[in-house]
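**Student:** Please find protein_13.cif (mmCIF, C-alpha atoms (C1' of nucleotides)) on the next line:
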data_my_file
#
loop_
_atom_site.group_PDB
_atom_site.id
_atom_site.type_symbol
_atom_site.label_atom_id
_atom_site.label_comp_id
_atom_site.auth_asym_id
_atom_site.auth_seq_id
_atom_site.Cartn_x
_atom_site.Cartn_y
_atom_site.Cartn_z
ATOM 1 C CA MET A 77 27.895 7.413 11.615
ATOM 2 C CA THR A 78 27.432 10.803 10.179
ATOM 3 C CA THR A 79 23.741 10.997 10.344
ATOM 4 C CA THR A 80 23.604 14.721 9.861
ATOM 5 C CA ARG A 81 20.947 13.907 7.345
ATOM 6 C CA ARG A 82 19.242 11.438 9.578
ATOM 7 C CA ASN A 83 19.079 13.992 12.324
ATOM 8 C CA ALA A 84 17.448 16.424 9.957
ATOM 9 C CA VAL A 85 14.753 13.878 9.280
ATOM 10 C CA ARG A 86 14.420 13.093 12.958
ATOM 11 C CA GLU A 87 13.931 16.731 13.785
ATOM 12 C CA ALA A 88 11.510 17.306 10.976
ATOM 13 C CA LEU A 89 9.430 14.529 12.439
ATOM 14 C CA ALA A 90 9.801 15.720 15.996
ATOM 15 C CA GLY A 91 8.394 19.082 15.052
ATOM 16 C CA CYS A 92 4.950 17.926 14.035
ATOM 17 C CA GLU A 93 1.984 16.387 15.727
ATOM 18 C CA GLY A 94 0.691 13.821 13.317
ATOM 19 C CA PHE A 95 1.826 11.240 10.848
ATOM 20 C CA ARG A 96 3.723 12.423 7.788
ATOM 21 C CA SER A 97 4.672 10.660 4.614
ATOM 22 C CA ALA A 98 8.222 10.404 3.340
ATOM 23 C CA GLN A 99 7.423 12.851 0.597
ATOM 24 C CA ASP A 100 5.912 15.307 3.052
ATOM 25 C CA ILE A 101 9.104 15.306 5.051
ATOM 26 C CA TYR A 102 11.168 15.657 1.932
ATOM 27 C CA ALA A 103 9.088 18.676 0.938
ATOM 28 C CA ASP A 104 9.420 20.175 4.418
ATOM 29 C CA LEU A 105 13.163 19.852 4.431
ATOM 30 C CA ARG A 106 13.542 21.243 0.947
ATOM 31 C CA ALA A 107 11.299 24.151 1.893
ATOM 32 C CA ASP A 108 13.689 24.837 4.752
ATOM 33 C CA GLY A 109 16.526 25.089 2.277
ATOM 34 C CA SER A 110 18.004 21.656 2.756
ATOM 35 C CA LYS A 111 19.564 19.969 -0.257
ATOM 36 C CA ILE A 112 18.620 16.542 0.973
ATOM 37 C CA GLY A 113 17.529 13.960 -1.561
ATOM 38 C CA LEU A 114 14.372 11.928 -1.507
ATOM 39 C CA THR A 115 16.379 8.731 -1.398
ATOM 40 C CA THR A 116 18.069 9.807 1.787
ATOM 41 C CA VAL A 117 14.778 10.655 3.407
ATOM 42 C CA TYR A 118 13.552 7.155 2.675
ATOM 43 C CA ARG A 119 16.743 5.651 4.000
ATOM 44 C CA ALA A 120 16.625 7.714 7.155
ATOM 45 C CA LEU A 121 13.017 6.819 7.794
ATOM 46 C CA GLN A 122 13.756 3.171 7.300
ATOM 47 C CA ALA A 123 16.638 3.320 9.726
ATOM 48 C CA LEU A 124 14.622 5.240 12.273
ATOM 49 C CA SER A 125 11.762 2.812 12.073
ATOM 50 C CA ASP A 126 14.087 -0.164 12.261
ATOM 51 C CA SER A 127 15.572 1.213 15.432
ATOM 52 C CA GLY A 128 12.129 1.805 16.842
ATOM 53 C CA GLU A 129 12.498 5.560 17.037
ATOM 54 C CA VAL A 130 9.508 6.219 14.850
ATOM 55 C CA ASP A 131 6.254 4.434 14.294
ATOM 56 C CA VAL A 132 5.050 3.566 10.827
ATOM 57 C CA LEU A 133 1.617 2.856 9.560
ATOM 58 C CA ARG A 134 -0.098 2.630 6.221
ATOM 59 C CA THR A 135 -2.828 4.917 5.026
ATOM 60 C CA ASP A 136 -5.838 3.421 3.311
ATOM 61 C CA ASP A 137 -4.245 3.968 -0.052
ATOM 62 C CA GLY A 138 -1.079 2.181 0.896
ATOM 63 C CA GLU A 139 1.192 5.115 1.574
ATOM 64 C CA ALA A 140 3.574 4.754 4.495
ATOM 65 C CA VAL A 141 3.373 7.467 7.121
ATOM 66 C CA TYR A 142 5.793 8.058 9.954
ATOM 67 C CA ARG A 143 5.718 9.626 13.363
ATOM 68 C CA ALA A 144 8.218 10.325 16.091
ATOM 69 C CA CYS A 145 6.668 8.938 19.217
ATOM 70 C CA ARG A 146 7.018 10.338 22.690
ATOM 71 C CA THR A 147 7.301 7.076 24.501
ATOM 72 C CA GLU A 148 9.465 4.060 23.853
ATOM 73 C CA GLU A 149 6.827 1.747 25.179
ATOM 74 C CA HIS A 150 4.370 -0.180 23.135
ATOM 75 C CA HIS A 151 1.358 1.959 22.375
ATOM 76 C CA HIS A 152 -1.282 2.710 19.812
ATOM 77 C CA HIS A 153 -2.626 5.820 18.138
ATOM 78 C CA LEU A 154 -5.781 7.822 18.139
ATOM 79 C CA VAL A 155 -5.645 9.876 14.971
ATOM 80 C CA CYS A 156 -7.828 12.778 13.905
ATOM 81 C CA ARG A 157 -8.742 12.163 10.307
ATOM 82 C CA ALA A 158 -9.325 15.855 9.712
ATOM 83 C CA CYS A 159 -6.222 17.541 11.094
ATOM 84 C CA GLY A 160 -3.988 14.547 11.678
ATOM 85 C CA ARG A 161 -3.441 15.295 15.330
ATOM 86 C CA THR A 162 -2.422 12.121 17.049
ATOM 87 C CA VAL A 163 -2.457 11.054 20.646
ATOM 88 C CA GLU A 164 -0.641 8.007 21.876
ATOM 89 C CA VAL A 165 -2.763 5.642 23.844
ATOM 90 C CA GLY A 166 -1.806 2.553 25.700
ATOM 91 C CA GLY A 167 -3.508 0.197 27.998
ATOM 92 C CA PRO A 168 -3.399 -3.375 29.047
ATOM 93 C CA ALA A 169 -6.971 -3.944 27.928
ATOM 94 C CA VAL A 170 -6.261 -4.472 24.248
ATOM 95 C CA GLU A 171 -3.071 -6.360 24.856
ATOM 96 C CA LYS A 172 -4.844 -8.766 27.159
ATOM 97 C CA TRP A 173 -7.674 -9.158 24.725
ATOM 98 C CA ALA A 174 -5.315 -9.922 21.857
ATOM 99 C CA ASP A 175 -3.385 -12.460 23.899
ATOM 100 C CA ALA A 176 -6.566 -14.145 25.081
ATOM 101 C CA ILE A 177 -8.076 -14.352 21.617
ATOM 102 C CA ALA A 178 -4.874 -15.768 20.214
ATOM 103 C CA ALA A 179 -4.456 -18.355 22.957
ATOM 104 C CA GLU A 180 -8.049 -19.421 22.523
ATOM 105 C CA HIS A 181 -7.327 -20.366 18.917
ATOM 106 C CA GLY A 182 -3.935 -21.886 19.534
ATOM 107 C CA PHE A 183 -1.938 -19.084 17.979
ATOM 108 C CA VAL A 184 1.440 -18.221 19.386
ATOM 109 C CA ASN A 185 4.023 -15.510 18.884
ATOM 110 C CA ILE A 186 1.472 -12.761 18.661
ATOM 111 C CA THR A 187 1.748 -9.247 17.366
ATOM 112 C CA HIS A 188 -1.106 -6.896 16.742
ATOM 113 C CA THR A 189 -1.894 -3.607 15.108
ATOM 114 C CA VAL A 190 -4.513 -1.334 16.572
ATOM 115 C CA GLU A 191 -5.273 2.135 15.297
ATOM 116 C CA VAL A 192 -8.239 4.299 16.115
ATOM 117 C CA PHE A 193 -9.441 7.053 13.801
ATOM 118 C CA GLY A 194 -11.913 9.773 14.581
ATOM 119 C CA THR A 195 -12.513 13.476 14.569
ATOM 120 C CA CYS A 196 -10.934 15.407 17.379
ATOM 121 C CA GLY A 197 -12.887 17.889 19.491
ATOM 122 C CA ASP A 198 -11.454 20.941 17.753
ATOM 123 C CA CYS A 199 -12.299 19.692 14.286
ATOM 124 C CA ALA A 200 -15.711 18.400 15.293
ATOM 125 C CA GLU A 201 -17.083 21.732 16.455
ATOM 126 C CA GLY A 202 -16.755 23.305 12.984
ATOM 127 C CA MET B 72 -24.977 -6.955 -11.281
ATOM 128 C CA THR B 73 -24.640 -10.621 -11.975
ATOM 129 C CA THR B 74 -21.513 -10.111 -13.901
ATOM 130 C CA THR B 75 -20.115 -13.527 -14.524
ATOM 131 C CA ARG B 76 -16.677 -12.106 -14.009
ATOM 132 C CA ARG B 77 -17.468 -10.696 -10.630
ATOM 133 C CA ASN B 78 -18.879 -14.006 -9.557
ATOM 134 C CA ALA B 79 -15.714 -15.712 -10.648
ATOM 135 C CA VAL B 80 -13.747 -13.455 -8.375
ATOM 136 C CA ARG B 81 -16.215 -13.938 -5.569
ATOM 137 C CA GLU B 82 -15.915 -17.692 -5.841
ATOM 138 C CA ALA B 83 -12.173 -17.619 -6.077
ATOM 139 C CA LEU B 84 -12.169 -15.756 -2.807
ATOM 140 C CA ALA B 85 -14.761 -17.972 -1.198
ATOM 141 C CA GLY B 86 -12.617 -21.007 -1.873
ATOM 142 C CA CYS B 87 -9.674 -20.036 0.257
ATOM 143 C CA GLU B 88 -9.007 -19.537 3.904
ATOM 144 C CA GLY B 89 -6.785 -16.524 4.107
ATOM 145 C CA PHE B 90 -6.224 -13.160 2.568
ATOM 146 C CA ARG B 91 -5.233 -13.012 -1.076
ATOM 147 C CA SER B 92 -3.923 -10.195 -3.192
ATOM 148 C CA ALA B 93 -5.529 -9.089 -6.425
ATOM 149 C CA GLN B 94 -2.687 -10.602 -8.363
ATOM 150 C CA ASP B 95 -2.996 -13.889 -6.513
ATOM 151 C CA ILE B 96 -6.623 -14.139 -7.501
ATOM 152 C CA TYR B 97 -5.795 -13.197 -11.040
ATOM 153 C CA ALA B 98 -3.213 -15.973 -11.155
ATOM 154 C CA ASP B 99 -5.670 -18.464 -9.651
ATOM 155 C CA LEU B 100 -8.339 -17.689 -12.202
ATOM 156 C CA ARG B 101 -5.928 -17.829 -15.097
ATOM 157 C CA ALA B 102 -4.607 -21.140 -13.805
ATOM 158 C CA ASP B 103 -8.175 -22.415 -13.914
ATOM 159 C CA GLY B 104 -8.372 -21.500 -17.571
ATOM 160 C CA SER B 105 -10.221 -18.238 -17.244
ATOM 161 C CA LYS B 106 -9.404 -15.485 -19.716
ATOM 162 C CA ILE B 107 -10.142 -12.766 -17.202
ATOM 163 C CA GLY B 108 -7.990 -9.664 -17.225
ATOM 164 C CA LEU B 109 -6.152 -8.171 -14.317
ATOM 165 C CA THR B 110 -8.074 -4.935 -14.650
ATOM 166 C CA THR B 111 -11.340 -6.762 -14.213
ATOM 167 C CA VAL B 112 -10.100 -8.510 -11.112
ATOM 168 C CA TYR B 113 -9.252 -5.150 -9.589
ATOM 169 C CA ARG B 114 -12.624 -3.758 -10.550
ATOM 170 C CA ALA B 115 -14.462 -6.739 -9.120
ATOM 171 C CA LEU B 116 -12.542 -6.574 -5.863
ATOM 172 C CA GLN B 117 -13.244 -2.892 -5.546
ATOM 173 C CA ALA B 118 -16.942 -3.474 -6.099
ATOM 174 C CA LEU B 119 -17.045 -6.350 -3.664
ATOM 175 C CA SER B 120 -15.281 -4.382 -0.995
ATOM 176 C CA ASP B 121 -17.474 -1.345 -1.580
ATOM 177 C CA SER B 122 -20.528 -3.482 -1.062
ATOM 178 C CA GLY B 123 -19.019 -4.936 2.072
ATOM 179 C CA GLU B 124 -18.865 -8.468 0.758
ATOM 180 C CA VAL B 125 -15.150 -8.763 1.290
ATOM 181 C CA ASP B 126 -12.741 -7.336 3.803
ATOM 182 C CA VAL B 127 -9.611 -5.554 2.733
ATOM 183 C CA LEU B 128 -6.431 -4.917 4.596
ATOM 184 C CA ARG B 129 -2.929 -3.835 3.771
ATOM 185 C CA THR B 130 0.132 -5.949 4.220
ATOM 186 C CA ASP B 131 3.214 -4.402 5.731
ATOM 187 C CA ASP B 132 4.533 -3.603 2.312
ATOM 188 C CA GLY B 133 1.412 -1.807 1.236
ATOM 189 C CA GLU B 134 -0.203 -4.461 -0.879
ATOM 190 C CA ALA B 135 -3.972 -4.759 -0.614
ATOM 191 C CA VAL B 136 -5.258 -8.203 0.321
ATOM 192 C CA TYR B 137 -8.849 -9.376 0.227
ATOM 193 C CA ARG B 138 -10.947 -11.956 1.946
ATOM 194 C CA ALA B 139 -14.508 -13.178 1.713
ATOM 195 C CA CYS B 140 -15.792 -13.102 5.250
ATOM 196 C CA ARG B 141 -18.256 -15.489 6.774
ATOM 197 C CA THR B 142 -20.168 -12.971 8.789
ATOM 198 C CA GLU B 143 -21.666 -9.656 7.854
ATOM 199 C CA GLU B 144 -21.055 -8.297 11.308
ATOM 200 C CA HIS B 145 -18.176 -6.170 12.350
ATOM 201 C CA HIS B 146 -15.244 -8.343 13.261
ATOM 202 C CA HIS B 147 -11.479 -8.565 13.236
ATOM 203 C CA HIS B 148 -8.932 -11.107 12.086
ATOM 204 C CA LEU B 149 -6.436 -13.411 13.624
ATOM 205 C CA VAL B 150 -4.033 -14.281 10.846
ATOM 206 C CA CYS B 151 -1.357 -16.953 10.732
ATOM 207 C CA ARG B 152 1.693 -15.339 9.280
ATOM 208 C CA ALA B 153 3.052 -18.663 8.092
ATOM 209 C CA CYS B 154 0.135 -20.260 6.266
ATOM 210 C CA GLY B 155 -2.253 -17.352 6.047
ATOM 211 C CA ARG B 156 -5.078 -19.152 7.761
ATOM 212 C CA THR B 157 -7.449 -16.609 9.185
ATOM 213 C CA VAL B 158 -10.077 -16.786 11.852
ATOM 214 C CA GLU B 159 -12.638 -14.095 12.358
ATOM 215 C CA VAL B 160 -12.835 -12.830 15.874
ATOM 216 C CA GLY B 161 -15.230 -10.425 17.426
ATOM 217 C CA GLY B 162 -15.962 -9.236 20.849
ATOM 218 C CA PRO B 163 -17.243 -6.205 22.603
ATOM 219 C CA ALA B 164 -14.018 -5.816 24.564
ATOM 220 C CA VAL B 165 -12.040 -4.009 21.876
ATOM 221 C CA GLU B 166 -14.977 -1.998 20.675
ATOM 222 C CA LYS B 167 -15.647 -0.750 24.167
ATOM 223 C CA TRP B 168 -12.013 0.021 24.708
ATOM 224 C CA ALA B 169 -11.803 2.008 21.488
ATOM 225 C CA ASP B 170 -14.928 3.978 22.279
ATOM 226 C CA ALA B 171 -13.754 4.724 25.781
ATOM 227 C CA ILE B 172 -10.305 5.841 24.687
ATOM 228 C CA ALA B 173 -11.786 8.074 22.030
ATOM 229 C CA ALA B 174 -14.329 9.654 24.326
ATOM 230 C CA GLU B 175 -11.662 10.281 26.908
ATOM 231 C CA HIS B 176 -9.801 12.454 24.409
ATOM 232 C CA GLY B 177 -12.824 14.152 22.939
ATOM 233 C CA PHE B 178 -12.774 12.308 19.634
ATOM 234 C CA VAL B 179 -16.018 11.512 17.891
ATOM 235 C CA ASN B 180 -17.075 9.494 14.889
ATOM 236 C CA ILE B 181 -14.756 6.657 15.623
ATOM 237 C CA THR B 182 -13.552 3.839 13.460
ATOM 238 C CA HIS B 183 -10.805 1.431 14.278
ATOM 239 C CA THR B 184 -8.659 -1.208 12.728
ATOM 240 C CA VAL B 185 -7.513 -4.180 14.734
ATOM 241 C CA GLU B 186 -5.615 -7.097 13.322
ATOM 242 C CA VAL B 187 -3.791 -9.807 15.196
ATOM 243 C CA PHE B 188 -0.955 -11.783 13.673
ATOM 244 C CA GLY B 189 0.623 -14.925 15.003
ATOM 245 C CA THR B 190 1.569 -18.475 14.190
ATOM 246 C CA CYS B 191 -1.229 -20.989 14.255
ATOM 247 C CA GLY B 192 -0.974 -24.260 16.143
ATOM 248 C CA ASP B 193 -0.339 -26.359 13.050
ATOM 249 C CA CYS B 194 2.484 -24.160 11.823
ATOM 250 C CA ALA B 195 4.016 -23.767 15.257
ATOM 251 C CA GLU B 196 4.650 -27.462 15.847
ATOM 252 C CA GLY B 197 6.900 -27.819 12.805
ATOM 253 C "C1'" DA C 185 -32.707 -12.600 -35.974
ATOM 254 C "C1'" DT C 186 -31.512 -7.600 -36.138
ATOM 255 C "C1'" DC C 187 -30.696 -3.146 -34.879
ATOM 256 C "C1'" DG C 188 -29.418 0.573 -31.583
ATOM 257 C "C1'" DG C 189 -27.780 1.663 -27.099
ATOM 258 C "C1'" DT C 190 -25.583 0.721 -22.953
ATOM 259 C "C1'" DT C 191 -22.466 -1.971 -20.077
ATOM 260 C "C1'" DT C 192 -18.555 -4.913 -19.395
ATOM 261 C "C1'" DT C 193 -14.219 -6.364 -20.572
ATOM 262 C "C1'" DG C 194 -9.110 -6.587 -21.193
ATOM 263 C "C1'" DA C 195 -4.614 -5.158 -23.467
ATOM 264 C "C1'" DC C 196 -1.914 -1.520 -22.774
ATOM 265 C "C1'" DA C 197 -0.263 2.795 -21.040
ATOM 266 C "C1'" DA C 198 0.135 5.848 -17.275
ATOM 267 C "C1'" DC C 199 0.781 6.826 -12.383
ATOM 268 C "C1'" DG C 200 2.802 7.232 -7.771
ATOM 269 C "C1'" DG C 201 5.191 5.634 -3.985
ATOM 270 C "C1'" DT C 202 9.190 3.121 -2.996
ATOM 271 C "C1'" DT C 203 13.685 0.833 -3.981
ATOM 272 C "C1'" DT C 204 17.820 0.125 -6.544
ATOM 273 C "C1'" DT C 205 21.789 1.643 -9.024
ATOM 274 C "C1'" DC C 206 25.834 3.993 -9.447
ATOM 275 C "C1'" DA C 207 29.024 7.577 -9.510
ATOM 276 C "C1'" DC C 208 30.498 11.036 -6.403
ATOM 277 C "C1'" DT C 209 31.498 13.004 -1.951
ATOM 278 C "C1'" DT C 210 32.300 12.872 2.885
ATOM 279 C "C1'" DT C 211 33.862 10.754 6.961
ATOM 280 C "C1'" DC C 212 36.780 7.719 9.664
ATOM 281 C "C1'" DC C 213 40.907 5.400 10.966
ATOM 282 C "C1'" DT C 214 45.922 4.969 10.891
ATOM 283 C "C1'" DA D 93 47.903 12.825 3.920
ATOM 284 C "C1'" DG D 94 45.934 8.412 2.222
ATOM 285 C "C1'" DG D 95 42.953 4.657 1.489
ATOM 286 C "C1'" DA D 96 38.913 2.129 2.878
ATOM 287 C "C1'" DA D 97 34.259 2.498 4.230
ATOM 288 C "C1'" DA D 98 30.072 4.737 4.665
ATOM 289 C "C1'" DG D 99 26.750 8.360 3.165
ATOM 290 C "C1'" DT D 100 24.462 10.895 -0.431
ATOM 291 C "C1'" DG D 101 21.473 12.151 -4.386
ATOM 292 C "C1'" DA D 102 19.898 12.055 -9.383
ATOM 293 C "C1'" DA D 103 18.034 9.178 -12.233
ATOM 294 C "C1'" DA D 104 16.335 4.705 -13.499
ATOM 295 C "C1'" DA D 105 13.962 0.572 -12.258
ATOM 296 C "C1'" DC D 106 10.142 -1.603 -9.834
ATOM 297 C "C1'" DC D 107 5.556 -2.933 -8.779
ATOM 298 C "C1'" DG D 108 0.921 -2.629 -7.376
ATOM 299 C "C1'" DT D 109 -2.743 -0.115 -8.900
ATOM 300 C "C1'" DT D 110 -5.658 2.907 -11.841
ATOM 301 C "C1'" DG D 111 -6.963 5.154 -16.256
ATOM 302 C "C1'" DT D 112 -7.809 4.802 -21.318
ATOM 303 C "C1'" DC D 113 -10.180 3.223 -25.064
ATOM 304 C "C1'" DA D 114 -11.644 0.258 -28.573
ATOM 305 C "C1'" DA D 115 -13.629 -4.207 -29.077
ATOM 306 C "C1'" DA D 116 -16.919 -7.539 -27.324
ATOM 307 C "C1'" DA D 117 -21.029 -9.076 -24.820
ATOM 308 C "C1'" DC D 118 -25.588 -7.898 -23.327
ATOM 309 C "C1'" DC D 119 -30.467 -6.265 -23.771
ATOM 310 C "C1'" DG D 120 -34.735 -4.395 -24.864
ATOM 311 C "C1'" DA D 121 -37.394 -2.968 -28.798
ATOM 312 C "C1'" DT D 122 -38.355 -3.713 -33.567
#
Just dump the structure as structure tokens.
**Tutor:**
Amino acid sequence: MTTTRRNAVREALAGCEGFRSAQDIYADLRADGSKIGLTTVYRALQALSDSGEVDVLRTDDGEAVYRACRTEEHHHHLVCRACGRTVEVGGPAVEKWADAIAAEHGFVNITHTVEVFGTCGDCAEG
Amino acid sequence: MTTTRRNAVREALAGCEGFRSAQDIYADLRADGSKIGLTTVYRALQALSDSGEVDVLRTDDGEAVYRACRTEEHHHHLVCRACGRTVEVGGPAVEKWADAIAAEHGFVNITHTVEVFGTCGDCAEG
DNA sequence: ATCGGTTTTGACAACGGTTTTCACTTTCCT
DNA sequence: AGGAAAGTGAAAACCGTTGTCAAAACCGAT
């Protein structure tokens, strides 16, 4: 597979700290002189998220935002709502809690979404 | 205030167990003979969620879904992805974990979203 | 009841993010 | 080279949601 285009998207994502929308990435690439199309950006992001290379989440207004994550392992995000800086956090605590809660109510085949939002130290001291 | 229309939406929500989209509720009300408009349903849901009477979350495809919750207190949801049945779960464990994680990285003013999806006992034994 | 005004309502249009379509190009395989 | 298969991008379609605006319901004061 060619994926020259997909690599461009991958690298655009790798170069930033927080979550970015498809249109953000499109704008970035165009600003860098790429002739990529919006459609291709969407396709690349879909492929990358299908393959687990990037994490996706939805903003409050329903927009999908993407991020290239450092680790392959299951993790969650602590996102600064001012600057978008994101740190990956993991820990058995939540996982255990989710499993326990689910078992308690007879639910099986569990998945969960956990995201934490706040203001990071740098942004807070303004 | 006591807008009859808003009450209609409130009751439509109160009568069901899981999360419903705005359009679902609109369809329900119309099916019951109401002449309510879609716009009004959206407005009512917005008002109800602003006032904290209903919880909102986003499905994977970005659609907003609403639910009338039994408790005023902060809680999370365990949702059956087959039938939509939802149980409200709470517990200091996650809250503590979120606070600790945030503090550890210097984040303040924390909020978090936690949702657990699975298959409920009834749906699993099919 | 009736008048003014405010508020609520709903058909319709507009919007924005995402997906589909489709014709064109590029790549891959032989 | 040559033909099939995959990739690409502009524009159109889609769909949930929000804005517009005129008509309708409401309400307090006559």
**Student:** What are the nearest atom pairs, with distances in Å to one decimal, for all residues of chain B that come at most 8 Å from chain C, using all atoms listed in the file, set out by chain and rising residue number as JSON lines?
**Tutor:**
{"residue": "B:Ile107", "atom": "CA", "partner": "C:DG194", "partner_atom": "C1'", "distance": 7.4}
{"residue": "B:Gly108", "atom": "CA", "partner": "C:DG194", "partner_atom": "C1'", "distance": 5.1}
{"residue": "B:Leu109", "atom": "CA", "partner": "C:DG194", "partner_atom": "C1'", "distance": 7.7}
{"residue": "B:Thr110", "atom": "CA", "partner": "C:DG194", "partner_atom": "C1'", "distance": 6.8}
{"residue": "B:Thr111", "atom": "CA", "partner": "C:DT193", "partner_atom": "C1'", "distance": 7.0}
**Student:** Using only C-alpha atoms, determine which residues of chain A fall within 10 Å of chain B; present them as a PyMOL selection string.
**Tutor:** chain A and resi 132-140+154-157+163+165-167+169-175+177-179+181-200
**Student:** Considering all atoms listed in the file, extract the chain D residues located within 8 Å of chain A and return them as a ChimeraX atom specification.
**Tutor:** /D:98-101
**Student:** How about saving the chosen residues, C-alpha atoms (C1' of nucleotides) kept, as a PDB file, keeping the file's coordinate frame?
**Tutor:**
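Saved result, selection-v2.pdb, follows:
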ATOM      1  C1'  DA D  98      30.072   4.737   4.665  1.00  0.00           C
ATOM      2  C1'  DG D  99      26.750   8.360   3.165  1.00  0.00           C
ATOM      3  C1'  DT D 100      24.462  10.895  -0.431  1.00  0.00           C
ATOM      4  C1'  DG D 101      21.473  12.151  -4.386  1.00  0.00           C
TER       5       DG D 101
END
**Student:** Provide an axis-aligned box for all listed atoms of stretch 97-116 of chain D, padding each side by 8 Å; report its centre and its edge lengths in Å to one decimal, as AutoDock Vina command-line options.
**Tutor:**
--center_x 8.7 --center_y 2.3 --center_z -12.2 --size_x 67.2 --size_y 35.7 --size_z 49.7
**Student:** Would you mind reading off the distance between atom CA of A:Ala103 and atom CA of A:Cys159, one decimal, in Å?
**Tutor:**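 Separation between atom CA of A:Ala103 and atom CA of A:Cys159: 18.4 Å.
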**Student:** Please evaluate the PyMOL selection byres ((chain B and resi 99) around 12) against the structure above and give the resulting residues as a PyMOL selection string.
**Tutor:** chain B and resi 79-80+82-84+86-87+91-98+100-109+112
**Student:** Quick one: distance from atom CA of A:Phe95 to atom CA of A:Tyr142 in Å, one decimal?
**Tutor:**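 That distance, rounded to one decimal, is 5.2 Å.
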**Student:** Would you pick out the contacts of B:Arg81 at 9 Å or less, using all atoms listed in the file, so that residues sharing its chain but fewer than 4 positions from it are not included, and give the list as a ChimeraX atom specification?
**Tutor:** /B:76-77,85-86,115-116,119,124-125,139
**Student:** Between atom CA of A:Arg146 and atom CA of A:Glu201, what distance in Å does the model show, to one decimal?
**Tutor:**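 Calculated distance between atom CA of A:Arg146 and atom CA of A:Glu201 is 27.4 Å.
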**Student:** Which one is closest to B:Val136: B:Ala153, B:Ser120, B:Arg114, B:Glu175? Count only C-alpha atoms.
**Tutor:**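 Closest to B:Val136, using only C-alpha atoms: B:Ser120.
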**Student:** Point out the residue among A:Asn83, A:Asp131, A:Ala123, A:Thr162 with the least atom-to-atom distance to A:Arg143, counting only C-alpha atoms.
**Tutor:**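 Checking each candidate against A:Arg143, we get A:Asp131 as the closest.
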